[in-house]
Amino acid sequence: ASNIHTGGGLTLLNMLIKDIHVETKIYVDERAKGKLHQNNKATFKYIKPKFLSRLLLELKLFFLATNQDTILFFTNLPPLFKTRSNNILFLQNQLLISSYNLKEFSLKNKFRISIERFLLKNLMANIDSIYVQSSEMLSLCKKKFTKPCFLMPFFASNFSSSKGFNKFEKKYDFIYVTSDGPHKNNIRLIKAFALLAAENIRPKLCLTFKPNSYSKTMIAFKELIDKNNLDISFEVFDSKESKDELYLSSKALIFPSEEESMGLPLLE
């Protein structure tokens, strides 16, 4: 998990770590330090978020892995080198296998996703099987790849209890746990609230973002919100606890995303 340190990927990784019951070595992005579930069966090796560090890790796996090992690649991408082990790719980013048009993405994200799509396609020979978490992902994988694909959903069975739900003041009518990616469909949601405002209906909406995720796109959101005098707030969460509090401060979840491999907020 050398590129996992935030968001849904970190949430899913922690769910796996919690249920590990055999000796397991986890190679993870050093930015995840202090955010990982502790399990005495798991040993963590932290990797710098740099190309050279990740390349050296791949070389290390190539030389050390035996046919008695199983490696779960949690990075959405196959390894650069085929190892002797049983290599499983966990694929959770639907943008990498769908035909979703990237024209509205920033140049940086468009380039990154295009490179990842290329690597996924051309390194597939280095893995033995693919695990996905939803039937739609399974269907897409079977159409795109010849490797065995398996539906292997997992999620925590002990999400925050709803027993304390009424203890929180309901500050919002709706909450959308989102990011600034075009596929999250934020702009359409805001335009829908503008249509309601034209009829003098102004529900309170909370849009949540990760720290440091503000962008030019969000500036455009704010301009639309201010122009139509909408009751929409931007909130930042930096932990599962702060996200849970935002959930519990809202009356309902709204989820207009166009492209999702799982939709983790729906489970939460």
# chains A, B, ... in the order shown; residues from 1 in each chain; ligands from 1
>>> select_by_dssp(residues="region 19-261 of chain A", states="strand (DSSP E)", output="PyMOL selection string")
chain A and resi 24-29+42-47+70-73+86-90+129-132+149-151+172-177+205-209+232-236+250-253
>>> write_last_selection(atoms="N, CA and C atoms", output="compact mmCIF listing (two decimals), in the first residue's frame")
# COMPACT_ATOMS: atom_id res chain seq x y z
N THR A 24 1.72 -10.60 8.97
CA THR A 24 1.62 -9.84 7.73
C THR A 24 2.55 -8.63 7.77
N LYS A 25 3.25 -8.42 6.68
CA LYS A 25 4.11 -7.25 6.55
C LYS A 25 3.41 -6.26 5.62
N ILE A 26 3.26 -5.03 6.06
CA ILE A 26 2.55 -4.02 5.28
C ILE A 26 3.50 -2.89 4.91
N TYR A 27 3.69 -2.70 3.63
CA TYR A 27 4.49 -1.59 3.12
C TYR A 27 3.52 -0.46 2.79
N VAL A 28 3.66 0.66 3.49
CA VAL A 28 2.66 1.72 3.38
C VAL A 28 3.33 3.09 3.30
N ASP A 29 2.67 4.02 2.68
CA ASP A 29 3.15 5.40 2.55
C ASP A 29 3.43 5.97 3.95
N ALA A 42 0.48 -7.42 12.51
CA ALA A 42 0.92 -6.60 11.38
C ALA A 42 2.21 -5.86 11.70
N THR A 43 3.16 -5.93 10.78
CA THR A 43 4.40 -5.17 10.88
C THR A 43 4.40 -4.12 9.78
N PHE A 44 4.63 -2.88 10.16
CA PHE A 44 4.57 -1.79 9.17
C PHE A 44 5.97 -1.37 8.72
N LYS A 45 6.13 -1.23 7.42
CA LYS A 45 7.34 -0.69 6.83
C LYS A 45 6.93 0.56 6.05
N TYR A 46 7.48 1.70 6.42
CA TYR A 46 7.05 2.97 5.83
C TYR A 46 7.90 3.35 4.61
N ILE A 47 7.21 3.74 3.56
CA ILE A 47 7.86 4.06 2.28
C ILE A 47 7.69 5.54 1.98
N THR A 70 1.88 -14.63 -0.46
CA THR A 70 0.81 -13.94 -1.17
C THR A 70 1.02 -12.45 -0.99
N ILE A 71 1.01 -11.71 -2.09
CA ILE A 71 1.14 -10.26 -2.02
C ILE A 71 -0.14 -9.63 -2.53
N LEU A 72 -0.73 -8.78 -1.68
CA LEU A 72 -1.91 -8.02 -2.08
C LEU A 72 -1.46 -6.62 -2.47
N PHE A 73 -1.58 -6.28 -3.74
CA PHE A 73 -1.22 -4.95 -4.22
C PHE A 73 -2.44 -4.05 -4.07
N ASN A 86 1.95 -15.45 -5.12
CA ASN A 86 0.59 -15.28 -5.61
C ASN A 86 0.27 -13.79 -5.54
N ASN A 87 0.15 -13.14 -6.68
CA ASN A 87 -0.01 -11.69 -6.73
C ASN A 87 -1.46 -11.30 -6.98
N ILE A 88 -2.06 -10.62 -6.01
CA ILE A 88 -3.46 -10.20 -6.11
C ILE A 88 -3.52 -8.68 -6.22
N LEU A 89 -4.25 -8.20 -7.19
CA LEU A 89 -4.45 -6.75 -7.34
C LEU A 89 -5.81 -6.37 -6.78
N PHE A 90 -5.82 -5.47 -5.81
CA PHE A 90 -7.08 -4.92 -5.31
C PHE A 90 -7.35 -3.65 -6.09
N SER A 129 -4.56 -12.48 -10.12
CA SER A 129 -6.01 -12.31 -10.02
C SER A 129 -6.33 -10.90 -9.55
N ILE A 130 -7.60 -10.52 -9.74
CA ILE A 130 -8.06 -9.19 -9.38
C ILE A 130 -9.21 -9.31 -8.39
N TYR A 131 -9.16 -8.51 -7.33
CA TYR A 131 -10.26 -8.45 -6.37
C TYR A 131 -10.94 -7.08 -6.49
N VAL A 132 -12.26 -7.08 -6.54
CA VAL A 132 -13.02 -5.82 -6.57
C VAL A 132 -14.13 -5.90 -5.52
N CYS A 149 -11.18 -12.55 -12.15
CA CYS A 149 -11.67 -11.43 -11.36
C CYS A 149 -12.67 -11.95 -10.32
N PHE A 150 -12.56 -11.46 -9.09
CA PHE A 150 -13.42 -11.96 -8.01
C PHE A 150 -14.08 -10.80 -7.27
N LEU A 151 -15.34 -11.00 -6.96
CA LEU A 151 -16.07 -10.04 -6.14
C LEU A 151 -15.79 -10.37 -4.68
N TYR A 172 -27.31 20.64 9.44
CA TYR A 172 -27.49 20.56 7.99
C TYR A 172 -28.66 19.66 7.63
N ASP A 173 -29.31 19.98 6.51
CA ASP A 173 -30.35 19.10 5.98
C ASP A 173 -29.72 17.93 5.21
N PHE A 174 -28.65 18.25 4.47
CA PHE A 174 -27.97 17.23 3.66
C PHE A 174 -26.47 17.34 3.83
N ILE A 175 -25.80 16.19 3.69
CA ILE A 175 -24.34 16.18 3.67
C ILE A 175 -23.88 15.36 2.47
N TYR A 176 -22.82 15.84 1.83
CA TYR A 176 -22.21 15.10 0.73
C TYR A 176 -20.72 15.00 1.01
N VAL A 177 -20.24 13.79 1.31
CA VAL A 177 -18.81 13.56 1.52
C VAL A 177 -18.18 13.43 0.14
N LEU A 205 -26.93 22.59 3.06
CA LEU A 205 -26.10 21.51 2.52
C LEU A 205 -24.68 21.66 3.03
N CYS A 206 -24.09 20.54 3.43
CA CYS A 206 -22.69 20.52 3.84
C CYS A 206 -21.89 19.72 2.80
N LEU A 207 -20.89 20.34 2.21
CA LEU A 207 -19.96 19.66 1.30
C LEU A 207 -18.64 19.47 2.05
N THR A 208 -18.18 18.24 2.17
CA THR A 208 -16.95 17.99 2.92
C THR A 208 -15.78 17.72 1.98
N PHE A 209 -14.64 18.21 2.38
CA PHE A 209 -13.42 18.02 1.61
C PHE A 209 -12.29 17.64 2.55
N ILE A 232 -25.05 26.78 1.66
CA ILE A 232 -24.14 25.65 1.49
C ILE A 232 -22.82 25.94 2.19
N SER A 233 -22.41 25.03 3.04
CA SER A 233 -21.17 25.20 3.81
C SER A 233 -20.11 24.22 3.34
N PHE A 234 -18.86 24.65 3.42
CA PHE A 234 -17.71 23.78 3.15
C PHE A 234 -17.09 23.40 4.48
N GLU A 235 -16.95 22.11 4.71
CA GLU A 235 -16.33 21.63 5.94
C GLU A 235 -15.14 20.75 5.58
N VAL A 236 -14.12 20.77 6.42
CA VAL A 236 -12.94 19.94 6.23
C VAL A 236 -12.86 18.95 7.38
N SER A 250 -26.05 16.00 10.47
CA SER A 250 -26.85 16.17 9.25
C SER A 250 -28.07 15.27 9.30
N LYS A 251 -29.15 15.73 8.68
CA LYS A 251 -30.39 14.95 8.67
C LYS A 251 -30.36 13.82 7.65
N ALA A 252 -29.66 14.05 6.54
CA ALA A 252 -29.67 13.04 5.47
C ALA A 252 -28.40 13.12 4.64
N LEU A 253 -28.05 11.98 4.03
CA LEU A 253 -26.91 11.91 3.11
C LEU A 253 -27.42 12.07 1.68
>>> closest_atom_pairs(of="region 24-119 of chain A", to="region 14-17 of chain A", cutoff="8 Å", atoms="only C-alpha atoms", output="tab-separated table")
residue	atom	partner	partner_atom	distance
A:Leu36	CA	A:Asn14	CA	6.0
A:His37	CA	A:Asn14	CA	5.5
A:Gln38	CA	A:Ile17	CA	7.5
A:Asn39	CA	A:Ile17	CA	6.8
A:Ala42	CA	A:Ile17	CA	7.2
>>> residues_around(residues="Arg31 (chain A)", least_positions_apart="2", cutoff="10 Å", atoms="only C-alpha atoms", output="PyMOL selection string")
chain A and resi 2-6+28-29+33-35+46-49
>>> closest_residue(among="A:Ser249, A:Ser135, A:Asn126, A:Ser179", to="Met218 (chain A)", atoms="only C-alpha atoms")
A:Ser179
>>> residues_around(residues="Glu58 (chain A)", least_positions_apart="5", cutoff="9 Å", atoms="only C-alpha atoms", output="mmCIF file with N, CA and C atoms, in the first residue's frame")
data_model
loop_
_atom_site.group_PDB
_atom_site.id
_atom_site.type_symbol
_atom_site.label_atom_id
_atom_site.label_comp_id
_atom_site.auth_asym_id
_atom_site.auth_seq_id
_atom_site.Cartn_x
_atom_site.Cartn_y
_atom_site.Cartn_z
ATOM 1 N N SER A 53 11.838 5.513 -4.096
ATOM 2 C CA SER A 53 11.536 4.659 -2.934
ATOM 3 C C SER A 53 10.589 3.535 -3.322
ATOM 4 N N PHE A 63 12.912 -9.760 -5.426
ATOM 5 C CA PHE A 63 13.998 -10.644 -4.993
ATOM 6 C C PHE A 63 13.636 -11.468 -3.753
ATOM 7 N N PRO A 79 2.367 -4.738 -10.069
ATOM 8 C CA PRO A 79 3.793 -4.461 -9.853
ATOM 9 C C PRO A 79 4.528 -4.292 -11.183
ATOM 10 N N LEU A 80 5.660 -3.630 -11.122
ATOM 11 C CA LEU A 80 6.485 -3.447 -12.331
ATOM 12 C C LEU A 80 7.146 -4.758 -12.734
ATOM 13 N N PHE A 81 7.386 -5.633 -11.721
ATOM 14 C CA PHE A 81 8.069 -6.901 -11.987
ATOM 15 C C PHE A 81 7.214 -8.048 -11.447
#
>>> residues_around(residues="Leu64 (chain A)", least_positions_apart="5", cutoff="12 Å", atoms="only C-alpha atoms", output="PyMOL selection string")
chain A and resi 57-59+69-71+82-85
>>> write_last_selection(atoms="C-alpha atoms", output="compact mmCIF listing (two decimals), in the first residue's frame")
# COMPACT_ATOMS: atom_id res chain seq x y z
CA LEU A 57 10.37 -1.52 -2.84
CA GLU A 58 9.26 -3.26 -6.05
CA LEU A 59 12.80 -4.57 -6.59
CA ASP A 69 3.90 -15.88 -0.23
CA THR A 70 0.81 -13.94 -1.17
CA ILE A 71 1.14 -10.26 -2.02
CA LYS A 82 6.34 -10.27 -11.74
CA THR A 83 7.25 -12.01 -8.48
CA ARG A 84 7.17 -15.74 -7.69
CA SER A 85 4.35 -15.23 -5.20
>>> closest_residue(among="A:Thr11, A:Ala197, A:Phe154, A:Arg202", to="Lys243 (chain A)", atoms="only C-alpha atoms")
A:Thr11
>>> closest_residue(among="A:Met137, A:Ile113, A:Leu61, A:Ile127", to="Met262 (chain A)", atoms="only C-alpha atoms")
A:Met137
>>> select_by_dssp(residues="region 10-125 of chain A", states="helix (DSSP H, G or I)", output="ChimeraX atom specification")
/A:10-18,30-32,51-64,94-96,107-122,124-125
>>> residues_around(residues="region 183-189 of chain A", least_positions_apart="3", cutoff="8 Å", atoms="only C-alpha atoms", output="VMD selection string")
chain A and resid 178 to 180 192 to 193 221 256 to 259
>>> write_last_selection(atoms="N, CA and C atoms", output="PDB file, in the first residue's frame")
ATOM      1  N   THR A 178     -17.417  14.438  -0.247  1.00  0.00           N
ATOM      2  CA  THR A 178     -17.015  14.570  -1.641  1.00  0.00           C
ATOM      3  C   THR A 178     -15.563  14.990  -1.769  1.00  0.00           C
ATOM      4  N   SER A 179     -15.141  15.232  -3.000  1.00  0.00           N
ATOM      5  CA  SER A 179     -13.840  15.830  -3.313  1.00  0.00           C
ATOM      6  C   SER A 179     -14.088  16.780  -4.475  1.00  0.00           C
ATOM      7  N   ASP A 180     -13.033  17.399  -5.001  1.00  0.00           N
ATOM      8  CA  ASP A 180     -13.261  18.371  -6.076  1.00  0.00           C
ATOM      9  C   ASP A 180     -13.136  17.746  -7.464  1.00  0.00           C
ATOM     10  N   ALA A 192     -28.694  22.415  -8.741  1.00  0.00           N
ATOM     11  CA  ALA A 192     -30.012  21.940  -8.299  1.00  0.00           C
ATOM     12  C   ALA A 192     -30.498  22.762  -7.102  1.00  0.00           C
ATOM     13  N   PHE A 193     -29.569  23.075  -6.187  1.00  0.00           N
ATOM     14  CA  PHE A 193     -29.944  23.890  -5.034  1.00  0.00           C
ATOM     15  C   PHE A 193     -30.259  25.329  -5.459  1.00  0.00           C
ATOM     16  N   PHE A 221     -17.216  26.937  -7.326  1.00  0.00           N
ATOM     17  CA  PHE A 221     -18.371  26.523  -6.530  1.00  0.00           C
ATOM     18  C   PHE A 221     -18.850  27.687  -5.662  1.00  0.00           C
ATOM     19  N   PRO A 256     -24.654  12.260  -5.238  1.00  0.00           N
ATOM     20  CA  PRO A 256     -24.863  12.383  -6.681  1.00  0.00           C
ATOM     21  C   PRO A 256     -23.669  12.005  -7.548  1.00  0.00           C
ATOM     22  N   SER A 257     -22.669  11.346  -6.989  1.00  0.00           N
ATOM     23  CA  SER A 257     -21.461  11.002  -7.747  1.00  0.00           C
ATOM     24  C   SER A 257     -21.802  10.195  -9.004  1.00  0.00           C
ATOM     25  N   GLU A 258     -21.084  10.466 -10.085  1.00  0.00           N
ATOM     26  CA  GLU A 258     -21.318   9.788 -11.354  1.00  0.00           C
ATOM     27  C   GLU A 258     -20.512   8.502 -11.505  1.00  0.00           C
ATOM     28  N   GLU A 259     -19.415   8.378 -10.763  1.00  0.00           N
ATOM     29  CA  GLU A 259     -18.479   7.279 -10.994  1.00  0.00           C
ATOM     30  C   GLU A 259     -17.879   6.822  -9.680  1.00  0.00           C
TER      31      GLU A 259
END
>>> atom_distance(atom1="CA of Leu119 (chain A)", atom2="CA of Leu96 (chain A)")
9.8 Å
>>> closest_residue(among="A:Asn67, A:Ser98, A:Asn40, A:Gln92", to="Asp19 (chain A)", atoms="only C-alpha atoms")
A:Asn40
>>> atom_distance(atom1="CA of Leu95 (chain A)", atom2="CA of Arg117 (chain A)")
8.4 Å
>>> closest_residue(among="A:Ala194, A:Cys141, A:Ile219, A:Leu230", to="Gln94 (chain A)", atoms="only C-alpha atoms")
A:Cys141
